[in-house]
file my_file25.cif (mmCIF, N, CA and C atoms)
data_target
#
loop_
_atom_site.label_atom_id
_atom_site.label_comp_id
_atom_site.auth_asym_id
_atom_site.auth_seq_id
_atom_site.Cartn_x
_atom_site.Cartn_y
_atom_site.Cartn_z
N MET A 165 -4.32 -46.59 15.51
CA MET A 165 -5.24 -46.84 14.42
C MET A 165 -4.71 -47.94 13.51
N ILE A 166 -3.38 -48.00 13.35
CA ILE A 166 -2.82 -49.06 12.50
C ILE A 166 -3.12 -50.42 13.12
N ARG A 167 -2.88 -50.52 14.43
CA ARG A 167 -3.14 -51.80 15.12
C ARG A 167 -4.61 -52.17 15.09
N ALA A 168 -5.48 -51.17 15.09
CA ALA A 168 -6.92 -51.44 15.09
C ALA A 168 -7.42 -51.86 13.71
N GLY A 169 -6.54 -51.82 12.70
CA GLY A 169 -6.94 -52.25 11.37
C GLY A 169 -7.58 -51.16 10.54
N ALA A 170 -7.28 -49.90 10.86
CA ALA A 170 -7.90 -48.79 10.14
C ALA A 170 -7.31 -48.58 8.75
N GLY A 171 -6.27 -49.32 8.40
CA GLY A 171 -5.70 -49.19 7.07
C GLY A 171 -4.20 -49.06 7.12
N ILE A 172 -3.64 -48.46 6.09
CA ILE A 172 -2.20 -48.28 5.98
C ILE A 172 -1.80 -47.06 6.78
N GLY A 173 -0.68 -47.15 7.48
CA GLY A 173 -0.18 -46.01 8.25
C GLY A 173 1.33 -45.98 8.26
N VAL A 174 1.87 -44.95 8.87
CA VAL A 174 3.31 -44.76 8.96
C VAL A 174 3.72 -44.96 10.41
N CYS A 175 4.81 -45.70 10.60
CA CYS A 175 5.30 -46.00 11.94
C CYS A 175 6.80 -46.26 11.85
N GLN A 176 7.53 -45.96 12.91
CA GLN A 176 8.96 -46.29 12.94
C GLN A 176 9.12 -47.80 12.86
N VAL A 177 10.05 -48.26 12.05
CA VAL A 177 10.24 -49.69 11.82
C VAL A 177 10.52 -50.44 13.13
N PRO A 178 11.46 -49.97 13.99
CA PRO A 178 11.69 -50.71 15.23
C PRO A 178 10.46 -50.80 16.12
N LEU A 179 9.62 -49.77 16.12
CA LEU A 179 8.38 -49.83 16.90
C LEU A 179 7.42 -50.85 16.31
N ALA A 180 7.26 -50.83 15.02
CA ALA A 180 6.33 -51.74 14.36
C ALA A 180 6.77 -53.20 14.51
N LYS A 181 8.07 -53.45 14.57
CA LYS A 181 8.56 -54.83 14.71
C LYS A 181 8.14 -55.46 16.03
N ARG A 182 7.75 -54.64 16.99
CA ARG A 182 7.31 -55.18 18.29
C ARG A 182 5.95 -55.85 18.21
N ASP A 183 5.18 -55.53 17.19
CA ASP A 183 3.84 -56.09 17.03
C ASP A 183 3.82 -57.01 15.82
N LYS A 184 3.72 -58.30 16.06
CA LYS A 184 3.78 -59.29 14.98
C LYS A 184 2.60 -59.19 14.01
N LYS A 185 1.52 -58.51 14.44
CA LYS A 185 0.36 -58.38 13.56
C LYS A 185 0.55 -57.30 12.49
N LEU A 186 1.53 -56.42 12.69
CA LEU A 186 1.78 -55.38 11.70
C LEU A 186 2.69 -55.92 10.60
N VAL A 187 2.39 -55.58 9.38
CA VAL A 187 3.14 -56.06 8.23
C VAL A 187 3.68 -54.84 7.48
N ARG A 188 4.98 -54.84 7.23
CA ARG A 188 5.58 -53.74 6.48
C ARG A 188 5.32 -53.93 4.99
N ILE A 189 4.81 -52.88 4.36
CA ILE A 189 4.56 -52.93 2.93
C ILE A 189 5.20 -51.71 2.27
N LEU A 190 5.39 -51.77 1.00
CA LEU A 190 5.94 -50.66 0.20
C LEU A 190 7.32 -50.20 0.68
N SER A 191 8.08 -51.06 1.32
CA SER A 191 9.38 -50.65 1.86
C SER A 191 10.36 -50.22 0.77
N LYS A 192 10.20 -50.77 -0.43
CA LYS A 192 11.11 -50.39 -1.53
C LYS A 192 10.64 -49.12 -2.24
N HIS A 193 9.42 -48.70 -1.99
CA HIS A 193 8.86 -47.55 -2.69
C HIS A 193 8.63 -46.34 -1.79
N PHE A 194 8.61 -46.56 -0.47
CA PHE A 194 8.25 -45.49 0.45
C PHE A 194 9.10 -45.61 1.72
N SER A 195 9.86 -44.58 1.99
CA SER A 195 10.70 -44.58 3.19
C SER A 195 10.91 -43.13 3.63
N LEU A 196 10.89 -42.91 4.93
CA LEU A 196 11.12 -41.57 5.49
C LEU A 196 12.33 -41.62 6.42
N PRO A 197 13.53 -41.46 5.87
CA PRO A 197 14.70 -41.46 6.74
C PRO A 197 14.62 -40.28 7.72
N MET A 198 15.11 -40.51 8.92
CA MET A 198 15.01 -39.48 9.94
C MET A 198 16.37 -39.32 10.63
N ASP A 199 16.96 -38.15 10.50
CA ASP A 199 18.20 -37.88 11.23
C ASP A 199 17.89 -37.81 12.72
N THR A 200 18.78 -38.35 13.51
CA THR A 200 18.61 -38.34 14.96
C THR A 200 19.88 -37.83 15.59
N TRP A 201 19.74 -36.87 16.48
CA TRP A 201 20.89 -36.28 17.15
C TRP A 201 20.71 -36.39 18.66
N ALA A 202 21.79 -36.68 19.35
CA ALA A 202 21.80 -36.63 20.81
C ALA A 202 22.78 -35.52 21.20
N THR A 203 22.33 -34.60 22.01
CA THR A 203 23.18 -33.46 22.36
C THR A 203 23.20 -33.25 23.87
N MET A 204 24.24 -32.55 24.31
CA MET A 204 24.38 -32.21 25.71
C MET A 204 25.03 -30.83 25.78
N HIS A 205 24.62 -30.04 26.73
CA HIS A 205 25.25 -28.73 26.89
C HIS A 205 26.72 -28.92 27.21
N GLU A 206 27.57 -28.13 26.58
CA GLU A 206 29.02 -28.31 26.74
C GLU A 206 29.48 -28.17 28.18
N ASP A 207 28.78 -27.42 29.01
CA ASP A 207 29.17 -27.27 30.43
C ASP A 207 28.98 -28.57 31.21
N LEU A 208 28.13 -29.47 30.72
CA LEU A 208 27.85 -30.73 31.42
C LEU A 208 28.69 -31.89 30.91
N ARG A 209 29.42 -31.68 29.85
CA ARG A 209 30.17 -32.75 29.20
C ARG A 209 31.15 -33.46 30.13
N ASN A 210 31.76 -32.72 31.05
CA ASN A 210 32.77 -33.31 31.94
C ASN A 210 32.21 -33.72 33.29
N SER A 211 30.90 -33.65 33.47
CA SER A 211 30.27 -34.10 34.71
C SER A 211 30.07 -35.62 34.63
N PRO A 212 30.72 -36.39 35.51
CA PRO A 212 30.59 -37.86 35.43
C PRO A 212 29.14 -38.37 35.45
N PRO A 213 28.26 -37.86 36.33
CA PRO A 213 26.88 -38.37 36.30
C PRO A 213 26.17 -38.05 34.98
N CYS A 214 26.34 -36.82 34.50
CA CYS A 214 25.69 -36.44 33.23
C CYS A 214 26.26 -37.25 32.07
N ARG A 215 27.56 -37.46 32.09
CA ARG A 215 28.20 -38.24 31.02
C ARG A 215 27.70 -39.68 31.02
N ALA A 216 27.55 -40.26 32.23
CA ALA A 216 27.07 -41.64 32.33
C ALA A 216 25.66 -41.77 31.77
N VAL A 217 24.79 -40.83 32.10
CA VAL A 217 23.41 -40.87 31.59
C VAL A 217 23.40 -40.66 30.08
N PHE A 218 24.16 -39.70 29.61
CA PHE A 218 24.23 -39.42 28.17
C PHE A 218 24.72 -40.65 27.40
N ASP A 219 25.79 -41.27 27.91
CA ASP A 219 26.33 -42.45 27.23
C ASP A 219 25.32 -43.60 27.21
N ALA A 220 24.61 -43.80 28.33
CA ALA A 220 23.61 -44.87 28.39
C ALA A 220 22.47 -44.59 27.41
N LEU A 221 22.01 -43.34 27.37
CA LEU A 221 20.94 -42.99 26.44
C LEU A 221 21.40 -43.13 24.99
N SER A 222 22.61 -42.71 24.70
CA SER A 222 23.15 -42.83 23.34
C SER A 222 23.27 -44.29 22.92
N ASP A 223 23.78 -45.12 23.81
CA ASP A 223 23.90 -46.56 23.51
C ASP A 223 22.54 -47.19 23.25
N GLY A 224 21.56 -46.85 24.11
CA GLY A 224 20.21 -47.39 23.93
C GLY A 224 19.59 -46.93 22.63
N LEU A 225 19.80 -45.68 22.28
CA LEU A 225 19.26 -45.15 21.03
C LEU A 225 19.92 -45.84 19.83
N GLN A 226 21.22 -46.06 19.90
CA GLN A 226 21.92 -46.77 18.82
C GLN A 226 21.36 -48.18 18.62
N ARG A 227 21.13 -48.89 19.73
CA ARG A 227 20.56 -50.24 19.63
C ARG A 227 19.16 -50.20 19.03
N TYR A 228 18.36 -49.22 19.47
CA TYR A 228 17.00 -49.08 18.96
C TYR A 228 17.00 -48.81 17.47
N LEU A 229 17.87 -47.92 17.03
CA LEU A 229 17.91 -47.56 15.62
C LEU A 229 18.49 -48.65 14.73
N SER A 230 19.30 -49.52 15.28
CA SER A 230 19.91 -50.58 14.46
C SER A 230 18.99 -51.79 14.30
N ASP A 231 17.91 -51.85 15.04
CA ASP A 231 16.96 -52.98 14.91
C ASP A 231 16.25 -52.96 13.59
#
call {"tool": "encode", "arguments": {"input": "my_file25.cif", "output": "structure tokens"}}
result
Amino acid sequence: MIRAGAGIGVCQVPLAKRDKKLVRILSKHFSLPMDTWATMHEDLRNSPPCRAVFDALSDGLQRYLSD
């Protein structure tokens, strides 16, 4: 709806940055910080394949959140 021009809406900043037609407004007056956690069951922590996937997902999430 935001992209369709229906008015002001809420969107994650990194997602909105992908669309050059979206303009961020009220950034100094309105913000919704969001805690993000990545977890893994402790029994899988020492599994090399699970660890590789977890590390890749964590790295990707860090890059996404830092944009």
call {"tool": "residues_around", "arguments": {"input": "my_file25.cif", "residues": "region 218-222 of chain A", "least_positions_apart": "4", "cutoff": "8 Å", "atoms": "all atoms listed in the file", "output": "list of chain:residue names"}}
result
A:Ala202, A:Thr203, A:Met204, A:Pro212, A:Pro213, A:Cys214, A:Gln226, A:Arg227, A:Tyr228
call {"tool": "axis_aligned_box", "arguments": {"input": "my_file25.cif", "around": "region 199-206 of chain A", "padding_each_side": "3 Å", "output": "JSON"}}
result
{"center_x": 23.2, "center_y": -33.2, "center_z": 19.3, "size_x": 18.5, "size_y": 16.2, "size_z": 23.7}
call {"tool": "residues_around", "arguments": {"input": "my_file25.cif", "residues": "region 168-179 of chain A", "least_positions_apart": "6", "cutoff": "10 Å", "atoms": "only C-alpha atoms", "output": "list in words"}}
result
Lys185, Leu186, Val187, Arg188, Ile189, Phe194, Ser195, Leu196, Pro197, Met198, Arg227, Tyr228, Leu229, Ser230 and Asp231 of chain A
call {"tool": "atom_distance", "arguments": {"input": "my_file25.cif", "atom1": "atom N of Arg182 (chain A)", "atom2": "atom N of Trp201 (chain A)"}}
result
21.4 Å
call {"tool": "select_by_dssp", "arguments": {"input": "my_file25.cif", "residues": "region 167-231 of chain A", "states": "alpha helix (DSSP H)", "output": "number ranges by chain"}}
result
A: 177-180, 212-230
call {"tool": "write_last_selection", "arguments": {"input": "my_file25.cif", "atoms": "N, CA and C atoms", "output": "PDB file, keeping the file's coordinate frame"}}
result
ATOM      1  N   VAL A 177      10.050 -48.260  12.050  1.00  0.00           N
ATOM      2  CA  VAL A 177      10.240 -49.690  11.820  1.00  0.00           C
ATOM      3  C   VAL A 177      10.520 -50.440  13.130  1.00  0.00           C
ATOM      4  N   PRO A 178      11.460 -49.970  13.990  1.00  0.00           N
ATOM      5  CA  PRO A 178      11.690 -50.710  15.230  1.00  0.00           C
ATOM      6  C   PRO A 178      10.460 -50.800  16.120  1.00  0.00           C
ATOM      7  N   LEU A 179       9.620 -49.770  16.120  1.00  0.00           N
ATOM      8  CA  LEU A 179       8.380 -49.830  16.900  1.00  0.00           C
ATOM      9  C   LEU A 179       7.420 -50.850  16.310  1.00  0.00           C
ATOM     10  N   ALA A 180       7.260 -50.830  15.020  1.00  0.00           N
ATOM     11  CA  ALA A 180       6.330 -51.740  14.360  1.00  0.00           C
ATOM     12  C   ALA A 180       6.770 -53.200  14.510  1.00  0.00           C
ATOM     13  N   PRO A 212      30.720 -36.390  35.510  1.00  0.00           N
ATOM     14  CA  PRO A 212      30.590 -37.860  35.430  1.00  0.00           C
ATOM     15  C   PRO A 212      29.140 -38.370  35.450  1.00  0.00           C
ATOM     16  N   PRO A 213      28.260 -37.860  36.330  1.00  0.00           N
ATOM     17  CA  PRO A 213      26.880 -38.370  36.300  1.00  0.00           C
ATOM     18  C   PRO A 213      26.170 -38.050  34.980  1.00  0.00           C
ATOM     19  N   CYS A 214      26.340 -36.820  34.500  1.00  0.00           N
ATOM     20  CA  CYS A 214      25.690 -36.440  33.230  1.00  0.00           C
ATOM     21  C   CYS A 214      26.260 -37.250  32.070  1.00  0.00           C
ATOM     22  N   ARG A 215      27.560 -37.460  32.090  1.00  0.00           N
ATOM     23  CA  ARG A 215      28.200 -38.240  31.020  1.00  0.00           C
ATOM     24  C   ARG A 215      27.700 -39.680  31.020  1.00  0.00           C
ATOM     25  N   ALA A 216      27.550 -40.260  32.230  1.00  0.00           N
ATOM     26  CA  ALA A 216      27.070 -41.640  32.330  1.00  0.00           C
ATOM     27  C   ALA A 216      25.660 -41.770  31.770  1.00  0.00           C
ATOM     28  N   VAL A 217      24.790 -40.830  32.100  1.00  0.00           N
ATOM     29  CA  VAL A 217      23.410 -40.870  31.590  1.00  0.00           C
ATOM     30  C   VAL A 217      23.400 -40.660  30.080  1.00  0.00           C
ATOM     31  N   PHE A 218      24.160 -39.700  29.610  1.00  0.00           N
ATOM     32  CA  PHE A 218      24.230 -39.420  28.170  1.00  0.00           C
ATOM     33  C   PHE A 218      24.720 -40.650  27.400  1.00  0.00           C
ATOM     34  N   ASP A 219      25.790 -41.270  27.910  1.00  0.00           N
ATOM     35  CA  ASP A 219      26.330 -42.450  27.230  1.00  0.00           C
ATOM     36  C   ASP A 219      25.320 -43.600  27.210  1.00  0.00           C
ATOM     37  N   ALA A 220      24.610 -43.800  28.330  1.00  0.00           N
ATOM     38  CA  ALA A 220      23.610 -44.870  28.390  1.00  0.00           C
ATOM     39  C   ALA A 220      22.470 -44.590  27.410  1.00  0.00           C
ATOM     40  N   LEU A 221      22.010 -43.340  27.370  1.00  0.00           N
ATOM     41  CA  LEU A 221      20.940 -42.990  26.440  1.00  0.00           C
ATOM     42  C   LEU A 221      21.400 -43.130  24.990  1.00  0.00           C
ATOM     43  N   SER A 222      22.610 -42.710  24.700  1.00  0.00           N
ATOM     44  CA  SER A 222      23.150 -42.830  23.340  1.00  0.00           C
ATOM     45  C   SER A 222      23.270 -44.290  22.920  1.00  0.00           C
ATOM     46  N   ASP A 223      23.780 -45.120  23.810  1.00  0.00           N
ATOM     47  CA  ASP A 223      23.900 -46.560  23.510  1.00  0.00           C
ATOM     48  C   ASP A 223      22.540 -47.190  23.250  1.00  0.00           C
ATOM     49  N   GLY A 224      21.560 -46.850  24.110  1.00  0.00           N
ATOM     50  CA  GLY A 224      20.210 -47.390  23.930  1.00  0.00           C
ATOM     51  C   GLY A 224      19.590 -46.930  22.630  1.00  0.00           C
ATOM     52  N   LEU A 225      19.800 -45.680  22.280  1.00  0.00           N
ATOM     53  CA  LEU A 225      19.260 -45.150  21.030  1.00  0.00           C
ATOM     54  C   LEU A 225      19.920 -45.840  19.830  1.00  0.00           C
ATOM     55  N   GLN A 226      21.220 -46.060  19.900  1.00  0.00           N
ATOM     56  CA  GLN A 226      21.920 -46.770  18.820  1.00  0.00           C
ATOM     57  C   GLN A 226      21.360 -48.180  18.620  1.00  0.00           C
ATOM     58  N   ARG A 227      21.130 -48.890  19.730  1.00  0.00           N
ATOM     59  CA  ARG A 227      20.560 -50.240  19.630  1.00  0.00           C
ATOM     60  C   ARG A 227      19.160 -50.200  19.030  1.00  0.00           C
ATOM     61  N   TYR A 228      18.360 -49.220  19.470  1.00  0.00           N
ATOM     62  CA  TYR A 228      17.000 -49.080  18.960  1.00  0.00           C
ATOM     63  C   TYR A 228      17.000 -48.810  17.470  1.00  0.00           C
ATOM     64  N   LEU A 229      17.870 -47.920  17.030  1.00  0.00           N
ATOM     65  CA  LEU A 229      17.910 -47.560  15.620  1.00  0.00           C
ATOM     66  C   LEU A 229      18.490 -48.650  14.730  1.00  0.00           C
ATOM     67  N   SER A 230      19.300 -49.520  15.280  1.00  0.00           N
ATOM     68  CA  SER A 230      19.910 -50.580  14.460  1.00  0.00           C
ATOM     69  C   SER A 230      18.990 -51.790  14.300  1.00  0.00           C
TER      70      SER A 230
END
call {"tool": "atom_distance", "arguments": {"input": "my_file25.cif", "atom1": "atom N of Ala180 (chain A)", "atom2": "atom C of Gly224 (chain A)"}}
result
15.0 Å
call {"tool": "atom_distance", "arguments": {"input": "my_file25.cif", "atom1": "atom C of Asp207 (chain A)", "atom2": "atom N of Leu225 (chain A)"}}
result
21.4 Å
